[in-house]
>>> print(open('upload17.cif').read())   # mmCIF, C-alpha atoms and all ligand atoms
data_structure
#
loop_
_atom_site.label_atom_id
_atom_site.label_comp_id
_atom_site.auth_asym_id
_atom_site.auth_seq_id
_atom_site.Cartn_x
_atom_site.Cartn_y
_atom_site.Cartn_z
CA MET A 1 -5.31 -7.93 11.03
CA ALA A 2 -6.09 -11.10 9.10
CA THR A 3 -9.64 -11.48 7.94
CA VAL A 4 -11.19 -14.90 7.63
CA GLY A 5 -14.81 -15.69 6.96
CA HIS A 6 -17.45 -15.98 4.32
CA ARG A 7 -18.70 -12.42 4.22
CA LEU A 8 -17.97 -10.15 1.27
CA ILE A 9 -15.15 -7.72 1.85
CA SER A 10 -14.03 -4.86 -0.34
CA LEU A 11 -10.23 -4.97 -0.20
CA ARG A 12 -9.94 -1.18 -0.57
CA HIS A 13 -12.37 -0.68 2.30
CA PHE A 14 -10.43 -3.28 4.30
CA GLN A 15 -7.20 -1.35 3.74
CA SER A 16 -8.61 2.00 4.87
CA SER A 17 -10.44 0.54 7.86
CA VAL A 18 -7.50 -1.32 9.35
CA SER A 19 -4.50 0.86 8.46
CA ASP A 20 -5.32 3.58 11.06
CA LYS A 21 -6.12 1.05 13.77
CA VAL A 22 -2.86 -0.87 13.61
CA PRO A 23 -0.65 -0.10 16.62
CA LYS A 24 3.03 0.45 16.04
CA PHE A 25 4.16 -2.99 15.01
CA GLU A 26 7.46 -3.01 16.94
CA GLU A 27 5.65 -2.22 20.19
CA ASP A 28 3.84 -5.58 19.98
CA PHE A 29 7.14 -7.35 20.54
CA ILE A 30 8.26 -5.44 23.65
CA PRO A 31 7.38 -7.43 26.78
CA GLU A 32 5.26 -5.61 29.33
CA GLY A 33 7.32 -3.60 31.82
CA TRP A 34 10.39 -3.41 29.57
CA SER A 35 11.73 -0.21 28.13
CA ARG A 36 12.66 0.22 24.49
CA ASP A 37 16.40 0.30 25.44
CA GLN A 38 16.18 -3.13 27.03
CA VAL A 39 14.86 -4.59 23.81
CA ASP A 40 17.30 -2.98 21.40
CA LEU A 41 20.23 -5.21 22.16
CA ASP A 42 23.60 -4.16 20.88
CA CYS A 43 24.80 -7.14 18.92
CA SER A 44 28.43 -5.91 18.96
CA GLU A 45 28.73 -7.20 22.55
CA PHE A 46 28.26 -10.74 21.35
CA LYS A 47 31.49 -12.39 20.29
CA GLN A 48 32.43 -15.83 19.13
CA LYS A 49 33.93 -17.98 21.91
CA SER A 50 37.55 -18.95 21.43
CA GLN A 51 38.45 -22.60 21.04
CA LYS A 52 39.97 -22.64 24.53
CA GLU A 53 36.82 -21.17 26.07
CA VAL A 54 34.68 -23.79 24.35
CA ILE A 55 36.95 -26.61 25.62
CA ASP A 56 36.90 -25.15 29.16
CA ASP A 57 33.12 -25.06 29.04
CA VAL A 58 32.94 -28.71 27.98
CA ILE A 59 35.43 -29.77 30.70
CA ASP A 60 33.32 -27.93 33.28
CA LYS A 61 30.23 -29.70 31.95
CA ILE A 62 31.87 -33.15 32.15
CA ILE A 63 33.18 -32.48 35.68
CA HIS A 64 29.78 -31.30 36.77
CA GLU A 65 27.92 -34.26 35.24
CA GLU A 66 30.31 -36.90 36.55
CA ALA A 67 30.45 -35.25 39.99
CA GLU A 68 26.72 -35.68 40.11
CA MET A 69 27.19 -39.36 39.27
CA GLY A 70 29.65 -39.69 42.22
CA ILE A 71 32.93 -39.80 40.27
CA LYS A 72 35.93 -38.01 41.84
CA GLN A 73 36.81 -34.69 40.22
CA GLU A 74 40.60 -35.32 40.45
CA SER A 75 40.36 -37.81 37.60
CA PHE A 76 39.53 -34.95 35.21
CA ASN A 77 42.87 -33.20 35.29
CA GLY A 78 45.45 -33.78 32.59
CA ALA A 79 45.94 -33.74 28.84
CA ASP A 80 43.74 -36.83 28.24
CA ASN A 81 40.72 -34.93 29.41
CA VAL A 82 41.47 -31.97 27.13
CA GLU A 83 41.65 -34.42 24.21
CA ARG A 84 38.38 -35.96 25.32
CA ALA A 85 36.74 -32.58 25.61
CA LYS A 86 37.97 -31.67 22.10
CA ARG A 87 36.36 -34.82 20.75
CA GLU A 88 33.11 -34.14 22.58
CA CYS A 89 32.67 -30.57 21.49
CA GLN A 90 33.73 -31.30 17.87
CA ILE A 91 34.75 -27.73 17.22
CA ASP A 92 34.25 -26.53 13.69
CA PRO A 93 37.20 -24.28 12.76
CA LYS A 94 34.90 -22.19 10.47
CA PRO A 95 31.54 -22.37 12.22
CA CYS A 96 29.91 -19.51 10.33
CA LYS A 97 31.18 -20.14 6.82
CA LEU A 98 29.18 -21.84 4.10
CA ARG A 99 31.55 -24.45 2.76
CA SER A 100 29.29 -25.33 -0.17
CA TYR A 101 29.55 -21.70 -1.30
CA GLU A 102 33.35 -21.93 -1.24
CA MET A 103 33.17 -25.11 -3.32
CA TYR A 104 30.80 -23.32 -5.71
CA LYS A 105 33.29 -20.46 -6.11
CA ASN A 106 36.22 -22.82 -6.75
CA ARG A 107 34.44 -25.18 -9.16
CA THR A 108 36.26 -26.29 -12.27
CA ALA A 109 35.18 -25.98 -15.91
CA GLN A 110 34.18 -29.68 -15.80
CA ASP A 111 31.93 -29.02 -12.76
CA ILE A 112 30.20 -26.16 -14.58
CA LYS A 113 29.62 -28.35 -17.66
CA SER A 114 28.06 -31.16 -15.60
CA THR A 115 25.78 -28.67 -13.79
CA ARG A 116 24.48 -27.38 -17.12
CA SER A 117 23.64 -30.81 -18.46
CA HIS A 118 21.83 -31.63 -15.22
CA LYS A 119 19.62 -28.55 -15.63
CA GLN A 120 18.68 -29.64 -19.14
CA ILE A 121 17.22 -32.88 -17.77
CA ASN A 122 14.91 -30.93 -15.48
CA TYR A 123 12.97 -29.27 -18.30
CA ILE A 124 10.09 -28.30 -15.99
CA ALA A 125 12.39 -25.86 -14.19
CA SER A 126 12.64 -23.68 -17.30
CA MET A 127 8.83 -23.47 -17.55
CA MET A 128 8.52 -22.26 -13.95
CA LYS A 129 11.37 -19.76 -14.14
CA GLU A 130 11.13 -16.95 -11.57
CA PRO A 131 11.44 -13.41 -12.97
CA THR A 132 14.74 -11.67 -12.28
CA HIS A 133 14.62 -8.40 -10.37
CA ALA A 134 16.22 -5.11 -11.37
CA PRO A 135 19.01 -3.92 -9.04
CA GLU A 136 17.21 -0.70 -8.00
CA GLU A 137 14.20 -1.79 -6.02
CA ARG A 138 11.31 0.25 -4.75
CA THR A 139 9.81 -0.85 -1.49
CA ILE A 140 6.17 -1.52 -0.68
CA GLY A 141 4.05 1.30 0.72
CA PRO A 142 3.21 1.73 4.44
CA ASN A 143 -0.44 0.64 4.12
CA GLU A 144 0.04 -2.08 1.54
CA VAL A 145 -2.39 -4.99 1.73
CA ILE A 146 -0.96 -8.48 1.22
CA ILE A 147 -3.40 -11.02 -0.19
CA THR A 148 -2.68 -14.74 -0.40
CA VAL A 149 -4.13 -16.57 -3.42
CA ALA A 150 -4.09 -20.33 -4.08
CA LEU A 151 -4.41 -21.96 -7.52
CA TYR A 152 -5.97 -25.43 -7.74
CA HIS A 153 -5.46 -28.25 -10.25
CA PRO A 154 -7.97 -28.18 -13.15
CA SER A 155 -9.29 -31.71 -12.55
CA LYS A 156 -8.12 -32.78 -9.08
CA LEU A 157 -9.02 -30.94 -5.88
CA LEU A 158 -5.36 -30.26 -5.16
CA LYS A 159 -3.68 -26.98 -4.39
CA GLN A 160 -0.99 -26.46 -7.01
CA GLN A 161 0.48 -23.06 -6.19
CA GLU A 162 0.09 -20.25 -3.72
CA PHE A 163 1.17 -16.62 -4.08
CA GLN A 164 1.27 -13.48 -1.99
CA VAL A 165 0.16 -10.48 -4.03
CA LEU A 166 -0.04 -6.77 -3.18
CA GLY A 167 -3.33 -4.91 -3.19
CA SER A 168 -1.89 -2.30 -5.57
CA GLN A 169 -0.88 -4.88 -8.17
CA SER A 170 -3.03 -5.64 -11.19
CA LEU A 171 -4.67 -9.03 -11.65
CA THR A 172 -2.41 -9.68 -14.64
CA ALA A 173 0.64 -9.64 -12.33
CA LEU A 174 -0.76 -12.78 -10.69
CA ARG A 175 -2.00 -14.29 -13.94
CA ASP A 176 1.52 -14.13 -15.43
CA ARG A 177 2.88 -16.20 -12.54
CA LEU A 178 0.29 -18.99 -12.59
CA TYR A 179 1.74 -22.20 -14.00
CA CYS A 180 -0.39 -24.70 -15.89
CA LEU A 181 0.91 -27.30 -18.34
CA ALA A 182 -1.88 -26.39 -20.80
CA ASP A 183 0.02 -23.13 -21.53
CA TYR A 184 2.90 -25.20 -22.96
CA LEU A 185 1.04 -27.80 -25.06
CA MET A 186 0.32 -27.41 -28.79
CA ASP A 187 0.13 -23.64 -29.53
CA GLY A 188 -0.47 -22.83 -25.85
CA GLN A 189 2.30 -20.26 -25.66
CA GLN A 190 0.61 -18.17 -28.38
CA THR A 191 -2.87 -18.35 -26.81
CA LYS A 192 -2.92 -15.74 -24.06
CA SER A 193 -6.66 -15.28 -23.56
CA GLY A 194 -8.09 -15.96 -20.13
CA PHE A 195 -10.29 -14.60 -17.39
CA PHE A 196 -10.94 -14.63 -13.66
CA LEU A 197 -14.59 -14.86 -12.58
CA ILE A 198 -14.92 -13.21 -9.16
CA GLU A 199 -18.32 -12.39 -7.64
CA ASN A 200 -20.17 -12.48 -11.00
CA THR A 201 -17.64 -10.20 -12.71
CA PHE A 202 -15.41 -11.47 -15.51
CA TYR A 203 -11.91 -9.99 -15.57
CA ASN A 204 -10.62 -10.65 -19.11
CA ASP A 205 -6.99 -10.48 -20.10
CA MET A 206 -7.14 -8.20 -23.16
CA ARG A 207 -3.51 -7.05 -23.24
CA LEU A 208 -2.89 -8.48 -26.71
CA PRO A 209 -5.07 -7.40 -29.65
CA GLU A 210 -5.65 -11.04 -30.66
CA ASN A 211 -6.91 -12.00 -27.18
CA MET A 212 -10.50 -13.23 -27.10
CA ASP A 213 -13.15 -12.07 -24.67
CA TYR A 214 -14.15 -15.54 -23.40
CA SER A 215 -16.81 -14.02 -21.13
CA LYS A 216 -18.79 -12.70 -24.12
CA PHE A 217 -20.09 -16.20 -24.99
CA ILE A 218 -21.28 -16.74 -21.43
CA SER A 219 -22.78 -13.24 -21.06
CA ASP A 220 -24.63 -13.65 -24.39
CA TRP A 221 -26.02 -17.00 -23.25
CA VAL A 222 -27.12 -15.51 -19.90
CA ASN A 223 -28.82 -12.53 -21.58
CA ASP A 224 -30.50 -14.76 -24.19
CA LYS A 225 -34.06 -15.66 -23.17
CA SER A 226 -33.53 -13.59 -19.99
CA ARG A 227 -31.74 -16.45 -18.27
CA PHE A 228 -30.34 -13.94 -15.74
CA THR A 229 -33.72 -14.00 -14.04
CA ILE A 230 -32.99 -17.56 -12.91
CA PRO A 231 -31.79 -17.13 -9.29
CA SER A 232 -28.84 -19.55 -9.65
CA VAL A 233 -27.55 -17.69 -12.77
CA GLY A 234 -27.85 -13.96 -12.02
CA MET A 235 -26.34 -10.97 -13.77
CA PHE A 236 -22.74 -10.80 -14.98
CA SER A 237 -20.51 -7.88 -15.80
CA SER A 238 -17.05 -7.82 -17.37
CA LYS A 239 -13.89 -5.72 -16.89
CA ARG A 240 -10.34 -5.79 -18.16
CA MET A 241 -7.91 -7.78 -16.03
CA GLU A 242 -5.00 -5.42 -16.71
CA ASP A 243 -6.99 -2.36 -15.51
CA THR A 244 -8.08 -3.96 -12.23
CA THR A 245 -5.99 -4.07 -9.06
CA PHE A 246 -6.66 -6.43 -6.19
CA LEU A 247 -7.87 -3.46 -4.11
CA ASP A 248 -10.67 -2.98 -6.67
CA LEU A 249 -12.02 -6.45 -5.85
CA THR A 250 -14.76 -7.42 -3.47
CA ILE A 251 -14.13 -10.98 -2.35
CA LYS A 252 -14.97 -13.67 0.16
CA ILE A 253 -12.03 -15.27 1.91
CA GLY A 254 -12.06 -19.03 1.32
CA GLN A 255 -14.56 -18.86 -1.56
CA PRO A 256 -13.48 -20.74 -4.74
CA TYR A 257 -13.48 -18.42 -7.77
CA LEU A 258 -12.74 -19.34 -11.36
CA TYR A 259 -9.67 -18.94 -13.55
CA VAL A 260 -10.12 -20.04 -17.18
CA HIS A 261 -7.41 -20.09 -19.86
CA GLN A 262 -6.56 -21.97 -23.07
CA GLY A 263 -10.24 -22.05 -23.97
CA SER A 264 -11.44 -24.63 -21.49
CA CYS A 265 -8.80 -25.20 -18.80
CA GLU A 266 -10.67 -24.29 -15.62
CA HIS A 267 -9.03 -23.82 -12.23
CA ASN A 268 -10.37 -22.79 -8.87
CA ILE A 269 -8.59 -19.89 -7.24
CA VAL A 270 -9.09 -19.17 -3.54
CA PHE A 271 -8.18 -16.05 -1.58
CA THR A 272 -6.89 -17.50 1.67
CA GLU A 273 -5.79 -14.37 3.53
CA ALA A 274 -5.89 -10.56 3.40
CA ARG A 275 -3.87 -8.46 5.83
CA LEU A 276 -1.74 -5.36 6.10
CA ALA A 277 1.96 -5.69 5.36
CA THR A 278 4.28 -5.73 8.38
CA PRO A 279 8.03 -5.10 8.67
CA MET A 280 8.41 -8.90 8.81
CA ASP A 281 7.22 -9.19 5.19
CA VAL A 282 9.51 -8.92 2.18
CA GLN A 283 9.69 -5.18 1.48
CA THR A 284 10.84 -5.27 -2.15
CA TYR A 285 7.96 -4.40 -4.45
CA SER A 286 9.19 -6.48 -7.37
CA SER A 287 9.35 -9.63 -5.19
CA TYR A 288 5.55 -9.79 -5.49
CA PRO A 289 3.64 -11.85 -6.46
CA ARG A 290 5.69 -14.08 -4.12
CA HIS A 291 5.61 -17.79 -4.86
CA ILE A 292 5.09 -19.30 -1.39
CA PHE A 293 3.85 -22.82 -2.22
CA GLN A 294 4.38 -25.29 -5.05
CA ALA A 295 2.83 -28.77 -5.09
CA LYS A 296 5.18 -31.59 -6.02
CA ILE A 297 5.02 -32.26 -9.75
CA ARG A 298 4.75 -35.99 -10.57
CA ARG A 299 6.56 -37.20 -13.66
CA ARG A 300 6.29 -40.77 -14.83
CA LYS A 301 9.42 -42.71 -15.65
CA CYS A 302 10.10 -44.59 -18.87
CA LYS A 303 8.40 -47.98 -18.62
CA ILE A 304 11.25 -49.72 -20.49
CA CYS A 305 14.41 -48.61 -18.70
CA ASP A 306 12.75 -47.29 -15.52
CA ILE A 307 15.62 -44.79 -15.26
CA PHE A 308 14.88 -41.67 -17.30
CA PRO A 309 11.76 -39.48 -17.11
CA ALA A 310 9.19 -40.23 -19.85
CA ARG A 311 9.14 -37.87 -22.85
CA TYR A 312 6.54 -39.63 -25.05
CA VAL A 313 3.24 -41.33 -24.40
CA THR A 314 1.80 -43.75 -26.98
CA TYR A 315 -1.73 -45.09 -27.49
CA GLN A 316 -2.63 -48.34 -29.34
CA ASP A 317 1.06 -49.09 -29.76
CA ARG A 318 1.39 -52.75 -30.78
CA MET A 319 4.95 -53.06 -29.43
CA ALA A 320 3.89 -51.79 -26.02
CA THR A 321 2.60 -54.03 -23.26
CA GLU A 322 0.30 -51.40 -21.79
CA ASP A 323 -1.95 -48.70 -23.14
CA PRO A 324 -0.98 -45.86 -22.72
CA PHE A 325 2.77 -46.55 -22.62
CA PHE A 326 5.49 -44.10 -21.53
CA PHE A 327 8.93 -43.89 -23.22
CA CYS A 328 12.05 -41.86 -22.56
CA GLU A 329 14.00 -40.30 -25.45
CA HIS A 330 16.57 -43.13 -25.47
CA CYS A 331 14.07 -46.01 -25.55
CA TYR A 332 11.46 -44.52 -27.89
CA ARG A 333 13.63 -44.12 -30.99
CA PRO A 334 15.23 -47.62 -31.23
CA LEU A 335 11.80 -49.22 -30.85
CA HIS A 336 10.00 -47.13 -33.47
CA TYR A 337 12.70 -46.19 -36.06
CA ASP A 338 15.23 -48.21 -38.10
CA PHE A 339 18.92 -47.30 -38.54
CA GLU A 340 18.09 -45.04 -41.51
CA GLY A 341 15.59 -43.08 -39.40
CA ARG A 342 12.47 -44.56 -41.08
CA VAL A 343 9.49 -45.17 -38.85
CA LEU A 344 8.86 -48.94 -38.44
CA TYR A 345 5.09 -48.77 -38.07
CA ASN A 346 2.70 -45.85 -37.73
CA ASP A 347 -0.65 -47.31 -36.71
CA PHE A 348 -0.46 -45.74 -33.27
CA GLU A 349 -0.74 -42.33 -31.64
CA VAL A 350 2.18 -40.58 -29.93
CA PHE A 351 2.24 -37.35 -27.94
CA PRO A 352 4.96 -35.51 -26.04
CA TYR A 353 4.74 -36.12 -22.30
CA TYR A 354 5.69 -33.59 -19.63
CA HIS A 355 4.13 -34.47 -16.28
CA GLU A 356 0.81 -35.40 -14.67
ZN ZN B 1 -4.82 -24.71 -16.76
ZN ZN B 2 13.89 -45.48 -21.20
#
>>> encode(input="upload17.cif", output="structure tokens", more="lines below")
Ligand SMILES: [Zn+2]
Ligand SMILES: [Zn+2]
Amino acid sequence: MATVGHRLISLRHFQSSVSDKVPKFEEDFIPEGWSRDQVDLDCSEFKQKSQKEVIDDVIDKIIHEEAEMGIKQESFNGADNVERAKRECQIDPKPCKLRSYEMYKNRTAQDIKSTRSHKQINYIASMMKEPTHAPEERTIGPNEVIITVALYHPSKLLKQQEFQVLGSQSLTALRDRLYCLADYLMDGQQTKSGFFLIENTFYNDMRLPENMDYSKFISDWVNDKSRFTIPSVGMFSSKRMEDTTFLDLTIKIGQPYLYVHQGSCEHNIVFTEARLATPMDVQTYSSYPRHIFQAKIRRRKCKICDIFPARYVTYQDRMATEDPFFFCEHCYRPLHYDFEGRVLYNDFEVFPYYHE
């Protein structure tokens, strides 16, 4: 079902060509020669062993092992051996219960307060918040195509995130889940323009009236002086991202395509897999795009206390021993402001710092 290679595939054509060829999925898991009844096990026949049964099993095991080593079996009778067996099997009185959940339910007001303050320290978590799902959920269709897309770092060749998207979803559904720090710097949260460039077609996000068509500048340059006749340039077309679903795309698996936002922040995006959905996949429609990979985010620590994460970075700071220098909230203020809150010197540059 999975398609890997460097040939162009139309995802809609892929869906129609494979959906009628897929055998019944469950049948794949039935071993040859078995009937369906033999596979559908009735789980109600399974029951938890009692404590006595577990101890008996361990005593049998010890007797068996030591008999093999040549020790007489008579020495295993008596209360001492039951105690020994108890120690060996280390029976958990609540083997199937999540104790941390019970602790969570019984937490005190003080516990709740300390949890909240801990979340505030991890300010990146709020930027990468997952959307909450409505209680009534529709499920994915029978011939839904699941496509896996990876987002790369703008300057390093590192995979940052990976998502599973549905063929019937629009490109904007994926775009809204991509995380890049540039969206949070300066007026980044107000600048929503961006495009995907896939097989010489620009897909512009034009959902907001103030959004800019970034591709226009490139298309104009290509059309000027008939640059499209140059073989390495070629012709470009443009569409709206919100009106295009993944099934409308024609892609190459493994080929880096472009995602541009915030004017000049350029990322590679790579389609790593396209396949039909199976019963093993998450069936809730709103769970997609599914965040299936996140690279570790590196945050520098304050270079003074070496305890708290840095919140400011300074350049040409005469009180700093290195350039640039990283400060936490607690160390930055005493070094740069007096008791009345006046800045001590201002011949340096300072910027908020989030992560690498
Ligand atoms: Zn970016
Ligand atoms: Zn510090």
>>> closest_residue(input="upload17.cif", among="A:Ser170, A:Thr272, A:Gln161, A:Ser219", to="ligand ZN 1 (chain B)", atoms="only C-alpha atoms and all ligand atoms")
A:Gln161
>>> closest_residue(input="upload17.cif", among="A:Asn211, A:Thr314, A:Ser155, A:Gln169", to="ligand ZN 1 (chain B)", atoms="all atoms listed in the file")
A:Ser155
>>> residues_near_ligand(input="upload17.cif", ligand="ligand ZN 1 (chain B)", cutoff="7 Å", atoms="only C-alpha atoms and all ligand atoms", output="PyMOL selection string")
chain A and resi 154+180-183+261+265-267
>>> closest_atom_pairs(input="upload17.cif", of="chain A", to="ligand ZN 2 (chain B)", cutoff="12 Å", atoms="only C-alpha atoms and all ligand atoms", output="JSON lines")
{"residue": "A:Arg300", "atom": "CA", "partner": "B:ZN2", "partner_atom": "ZN", "distance": 11.0}
{"residue": "A:Lys301", "atom": "CA", "partner": "B:ZN2", "partner_atom": "ZN", "distance": 7.6}
{"residue": "A:Cys302", "atom": "CA", "partner": "B:ZN2", "partner_atom": "ZN", "distance": 4.5}
{"residue": "A:Lys303", "atom": "CA", "partner": "B:ZN2", "partner_atom": "ZN", "distance": 6.6}
{"residue": "A:Ile304", "atom": "CA", "partner": "B:ZN2", "partner_atom": "ZN", "distance": 5.0}
{"residue": "A:Cys305", "atom": "CA", "partner": "B:ZN2", "partner_atom": "ZN", "distance": 4.0}
{"residue": "A:Asp306", "atom": "CA", "partner": "B:ZN2", "partner_atom": "ZN", "distance": 6.1}
{"residue": "A:Ile307", "atom": "CA", "partner": "B:ZN2", "partner_atom": "ZN", "distance": 6.2}
{"residue": "A:Phe308", "atom": "CA", "partner": "B:ZN2", "partner_atom": "ZN", "distance": 5.5}
{"residue": "A:Pro309", "atom": "CA", "partner": "B:ZN2", "partner_atom": "ZN", "distance": 7.6}
{"residue": "A:Ala310", "atom": "CA", "partner": "B:ZN2", "partner_atom": "ZN", "distance": 7.2}
{"residue": "A:Arg311", "atom": "CA", "partner": "B:ZN2", "partner_atom": "ZN", "distance": 9.1}
{"residue": "A:Tyr312", "atom": "CA", "partner": "B:ZN2", "partner_atom": "ZN", "distance": 10.2}
{"residue": "A:Val313", "atom": "CA", "partner": "B:ZN2", "partner_atom": "ZN", "distance": 11.9}
{"residue": "A:Phe325", "atom": "CA", "partner": "B:ZN2", "partner_atom": "ZN", "distance": 11.3}
{"residue": "A:Phe326", "atom": "CA", "partner": "B:ZN2", "partner_atom": "ZN", "distance": 8.5}
{"residue": "A:Phe327", "atom": "CA", "partner": "B:ZN2", "partner_atom": "ZN", "distance": 5.6}
{"residue": "A:Cys328", "atom": "CA", "partner": "B:ZN2", "partner_atom": "ZN", "distance": 4.3}
{"residue": "A:Glu329", "atom": "CA", "partner": "B:ZN2", "partner_atom": "ZN", "distance": 6.7}
{"residue": "A:His330", "atom": "CA", "partner": "B:ZN2", "partner_atom": "ZN", "distance": 5.6}
{"residue": "A:Cys331", "atom": "CA", "partner": "B:ZN2", "partner_atom": "ZN", "distance": 4.4}
{"residue": "A:Tyr332", "atom": "CA", "partner": "B:ZN2", "partner_atom": "ZN", "distance": 7.2}
{"residue": "A:Arg333", "atom": "CA", "partner": "B:ZN2", "partner_atom": "ZN", "distance": 9.9}
{"residue": "A:Pro334", "atom": "CA", "partner": "B:ZN2", "partner_atom": "ZN", "distance": 10.3}
{"residue": "A:Leu335", "atom": "CA", "partner": "B:ZN2", "partner_atom": "ZN", "distance": 10.6}
>>> closest_residue(input="upload17.cif", among="A:Tyr184, A:Phe271, A:Ser286, A:Gln160", to="A:Tyr354", atoms="all atoms listed in the file")
A:Tyr184
>>> residues_around(input="upload17.cif", residues="A:Ser168", least_positions_apart="5", cutoff="12 Å", atoms="all atoms listed in the file", output="PyMOL selection string")
chain A and resi 11-12+15+140-147+173-174+242-249+285-286+288-289
>>> write_last_selection(input="upload17.cif", atoms="C-alpha atoms", output="CSV table (one decimal), in the frame of the given file")
chain,number,residue,atom,x,y,z
A,11,LEU,CA,-10.2,-5.0,-0.2
A,12,ARG,CA,-9.9,-1.2,-0.6
A,15,GLN,CA,-7.2,-1.4,3.7
A,140,ILE,CA,6.2,-1.5,-0.7
A,141,GLY,CA,4.0,1.3,0.7
A,142,PRO,CA,3.2,1.7,4.4
A,143,ASN,CA,-0.4,0.6,4.1
A,144,GLU,CA,0.0,-2.1,1.5
A,145,VAL,CA,-2.4,-5.0,1.7
A,146,ILE,CA,-1.0,-8.5,1.2
A,147,ILE,CA,-3.4,-11.0,-0.2
A,173,ALA,CA,0.6,-9.6,-12.3
A,174,LEU,CA,-0.8,-12.8,-10.7
A,242,GLU,CA,-5.0,-5.4,-16.7
A,243,ASP,CA,-7.0,-2.4,-15.5
A,244,THR,CA,-8.1,-4.0,-12.2
A,245,THR,CA,-6.0,-4.1,-9.1
A,246,PHE,CA,-6.7,-6.4,-6.2
A,247,LEU,CA,-7.9,-3.5,-4.1
A,248,ASP,CA,-10.7,-3.0,-6.7
A,249,LEU,CA,-12.0,-6.4,-5.8
A,285,TYR,CA,8.0,-4.4,-4.4
A,286,SER,CA,9.2,-6.5,-7.4
A,288,TYR,CA,5.6,-9.8,-5.5
A,289,PRO,CA,3.6,-11.8,-6.5
>>> closest_residue(input="upload17.cif", among="A:Tyr353, A:Trp221, A:Tyr214, A:Tyr152", to="A:Lys192", atoms="only C-alpha atoms")
A:Tyr214
>>> atom_distance(input="upload17.cif", atom1="atom CA of A:Ser232", atom2="atom CA of A:Val149")
25.7 Å
>>> build_atoms(input="upload17.cif", residues="stretch 252-263 of chain A", atoms="N, CA and C atoms", output="compact mmCIF listing (two decimals), in the coordinates of the input")
# COMPACT_ATOMS: atom_id res chain seq x y z
N LYS A 252 -14.75 -12.91 -1.06
CA LYS A 252 -14.97 -13.67 0.16
C LYS A 252 -13.72 -14.50 0.39
N ILE A 253 -13.19 -14.44 1.60
CA ILE A 253 -12.03 -15.27 1.91
C ILE A 253 -12.47 -16.73 1.96
N GLY A 254 -11.74 -17.60 1.29
CA GLY A 254 -12.06 -19.03 1.32
C GLY A 254 -13.04 -19.47 0.24
N GLN A 255 -13.58 -18.53 -0.52
CA GLN A 255 -14.56 -18.86 -1.56
C GLN A 255 -13.82 -19.24 -2.85
N PRO A 256 -14.14 -20.42 -3.46
CA PRO A 256 -13.48 -20.74 -4.74
C PRO A 256 -14.02 -19.85 -5.87
N TYR A 257 -13.13 -19.18 -6.57
CA TYR A 257 -13.48 -18.42 -7.77
C TYR A 257 -12.84 -19.13 -8.97
N LEU A 258 -13.14 -18.61 -10.16
CA LEU A 258 -12.74 -19.34 -11.36
C LEU A 258 -11.63 -18.63 -12.12
N TYR A 259 -10.68 -19.44 -12.62
CA TYR A 259 -9.67 -18.94 -13.55
C TYR A 259 -9.73 -19.85 -14.78
N VAL A 260 -10.00 -19.26 -15.95
CA VAL A 260 -10.12 -20.04 -17.18
C VAL A 260 -9.09 -19.53 -18.18
N HIS A 261 -8.37 -20.46 -18.81
CA HIS A 261 -7.41 -20.09 -19.86
C HIS A 261 -7.36 -21.21 -20.87
N GLN A 262 -6.68 -20.98 -21.97
CA GLN A 262 -6.56 -21.97 -23.07
C GLN A 262 -7.93 -22.52 -23.47
N GLY A 263 -8.92 -21.66 -23.49
CA GLY A 263 -10.24 -22.05 -23.97
C GLY A 263 -11.08 -22.75 -22.93
